[in-house]
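What follows is a set of notes on a single structure, which appears directly below.
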Amino acid sequence: MIRVFTSLNVARLALFPLGLGLAMVLVSGTLNRVMIVELGLPASLVGLFFAMTLIVSPTRVWLGYLSDGHPLRGKRREPYIALGALCVAASVIGMTLLVTRAGGNRAVIIPGGLLAFVGYGVSLNLASNSFEALLADRFHGHARPRAVTLFKVAMFGGIMAGALGLGRLLEPFDYERFLAIVLGAMALFIAMALLGTARQEPPLPALHTLTQRAAAQPFWSVIRTVIWRDQQARRFFALVVFVTLGTLAQDVLLEPYGALALDMSVAQTTRLTAMWSVGTMLMLVVSGVWLIKRWGYIAVLRAGLAISIAMFAGIVIAGVLDSVPLFMALIFGLGIGAGLAMAGLLTAVIEFTTAVRAGLLMGVWGMAAEFGRTAGGFMGGIVVDVLRALTGGNDWIAYSAVFTTEAILLVIVLALASELRVERSVAQAEARAPIHPPAEELTALGL
């Protein structure tokens, strides 16, 4: 009975990433389209709105530090998740009201939109970073890779379900229907976040001592000693950036490459994302349930990187051969490589946390991933545009250069991964220092 209850609690945790995926697709998909198509706002302005969420991504480091050292009502994670979810919902509703009530008045929409997206970015960082720190606190040993990979799959599921469901609910479109759906979706997200994370934070016998130790150093002092001056932390930060950049820079380029270099139809290129996603999600599940336990997360990460390098080389060759079937098979293989690399990286991230600084460290690695994702998108677009201009519009050369660059970056990551020694980090040494909980905490826990 206890095992069943524990399993149900773990399954209940999946409600948060499911709801988060729904909220994210509502903003990045539906609201994005409404602002550009229905309101006629310039794509550059909408891009600036979304850039705000990336600009504020460093706040997740400070928010993680805050949750580590300043518990609310005796909890370090649950209150911050709840507060973040409420603020995410408020920001999304604020954006929607602005869109539906401003009547196209840009003097209101521009400052209001910037403010709303800043609020959304900070709130999303608070909720998601605190949840990731909760996973680090709650799961240990072989349970960790299963948890982080399966909950990532749950978020992908929320994104896919949200995209399908919102598309049907918004047909036919009008502003009142849109506002009602947003209100309903945000109420559902809040309910899922609260229900999924309530009473999930494990009781820590040394909570008072842990929080005192986390708060003893000022924020910037912690950044200098635990991150900046630690070779292992710097190496891991670079690894997260390059893995993300090397596996996701092609995200928006595969469909144009298929169309321009291989003369694929719209229907054919539309299937590419689905094929990549299936391969990625399949390997996330297999890695979390079995592969990482058997081989270790570094071996799984390296296998994913090696497969991705081979797939990028194959994609370049498929363009030379003008082979659509080969290209589509390689996209599925690229998803397999990305899934393995992502599973290994997610496990490495959670292993590079400690009971003292899970929030701050998750914030640092999350910021690295955001930087890599953003840099990858910019790099891919710039390389394609420059090389097309220099080669007189040769699409194969332009896009192949991006894929080759990604393969080179992943070779660098393979070297970084082989030299990574998490156990030698300053954060791990700090966590290994003896912790003696106060007598009143032990008494309260019945110890």
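Residues are named by chain letter and number: chains run A, B, ... in the order of the structure tokens, numbers start at 1 in each chain, and ligands are numbered from 1 in the order shown.
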Which residues, written as a PyMOL selection string, have at least one atom at most 8 Å from A:Tyr65, with only C-alpha atoms counted and residues fewer than 5 positions away on the same chain left out? chain A and resi 214-215+219+357+359-360
Compare A:Glu201, A:Asp174, A:Glu406, A:Asp395 by their minimum atom-to-atom distance to A:Tyr257, counting only C-alpha atoms, and give me the closest one.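 Using only C-alpha atoms, the shortest distance to A:Tyr257 belongs to A:Asp395.
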A:Ala89, A:Ala355, A:Leu66, A:Ala127 ranked by distance to A:Phe16, top pick (using only C-alpha atoms):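 Looking only at the distances to A:Phe16, the closest residue turns out to be A:Ala127.
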Give me, as an mmCIF file with C-alpha atoms, in the first residue's frame, all polymer residues having an atom no more than 8 Å from stretch 142-149 of chain A, counting only C-alpha atoms and skipping those fewer than 5 positions away in the same chain.
data_model
loop_
_atom_site.group_PDB
_atom_site.id
_atom_site.type_symbol
_atom_site.label_atom_id
_atom_site.label_comp_id
_atom_site.auth_asym_id
_atom_site.auth_seq_id
_atom_site.Cartn_x
_atom_site.Cartn_y
_atom_site.Cartn_z
ATOM 1 C CA LEU A 135 13.134 17.046 -8.091
ATOM 2 C CA ALA A 136 16.760 17.291 -6.957
ATOM 3 C CA LEU A 284 14.061 10.066 -23.174
ATOM 4 C CA VAL A 285 11.798 7.322 -21.846
ATOM 5 C CA SER A 287 17.150 6.300 -21.179
ATOM 6 C CA GLY A 288 15.350 7.272 -17.996
ATOM 7 C CA VAL A 289 13.907 3.820 -17.384
ATOM 8 C CA ILE A 292 21.226 5.407 -17.688
ATOM 9 C CA LYS A 293 20.857 2.836 -14.935
ATOM 10 C CA ALA A 343 18.517 12.462 -21.056
ATOM 11 C CA LEU A 346 19.292 16.296 -17.642
ATOM 12 C CA THR A 347 20.687 13.641 -15.328
ATOM 13 C CA ILE A 350 20.454 17.070 -11.408
#
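One distance worth recording is that between atom CA of A:Gln200 and atom CA of A:Thr280, which is 28.2 Å.
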Nearest to A:Gly339 by atom-to-atom distance, counting only C-alpha atoms, from A:Leu41, A:Met283, A:Val386, A:Ile317: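 When distances to A:Gly339 are compared using only C-alpha atoms, the smallest one comes from A:Met283.
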Please provide the set of residues having any atom within 7 Å of A:Ala341, restricted to only C-alpha atoms, with same-chain residues fewer than 2 positions apart removed, written as a list in words.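 So, after excluding close chain neighbours, the residues are Val300, Leu301, Arg302, Gly304, Leu305, Gly337, Ala338, Gly339, Ala343, Gly344 and Leu345 of chain A.
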Residue selection dump (C-alpha atoms) as a PDB file, in the first residue's frame:
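As a result, selection-v2.pdb now contains:
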ATOM      1  CA  VAL A 300      24.365   7.930 -22.583  1.00  0.00           C
ATOM      2  CA  LEU A 301      25.218  11.593 -23.168  1.00  0.00           C
ATOM      3  CA  ARG A 302      28.278  10.681 -25.228  1.00  0.00           C
ATOM      4  CA  GLY A 304      23.682  10.760 -28.048  1.00  0.00           C
ATOM      5  CA  LEU A 305      26.366  13.228 -29.120  1.00  0.00           C
ATOM      6  CA  GLY A 337      20.574  11.291 -30.714  1.00  0.00           C
ATOM      7  CA  ALA A 338      18.950  14.389 -29.215  1.00  0.00           C
ATOM      8  CA  GLY A 339      16.861  12.261 -26.847  1.00  0.00           C
ATOM      9  CA  ALA A 343      18.517  12.462 -21.056  1.00  0.00           C
ATOM     10  CA  GLY A 344      22.209  12.302 -20.190  1.00  0.00           C
ATOM     11  CA  LEU A 345      22.419  16.065 -19.803  1.00  0.00           C
TER      12      LEU A 345
END
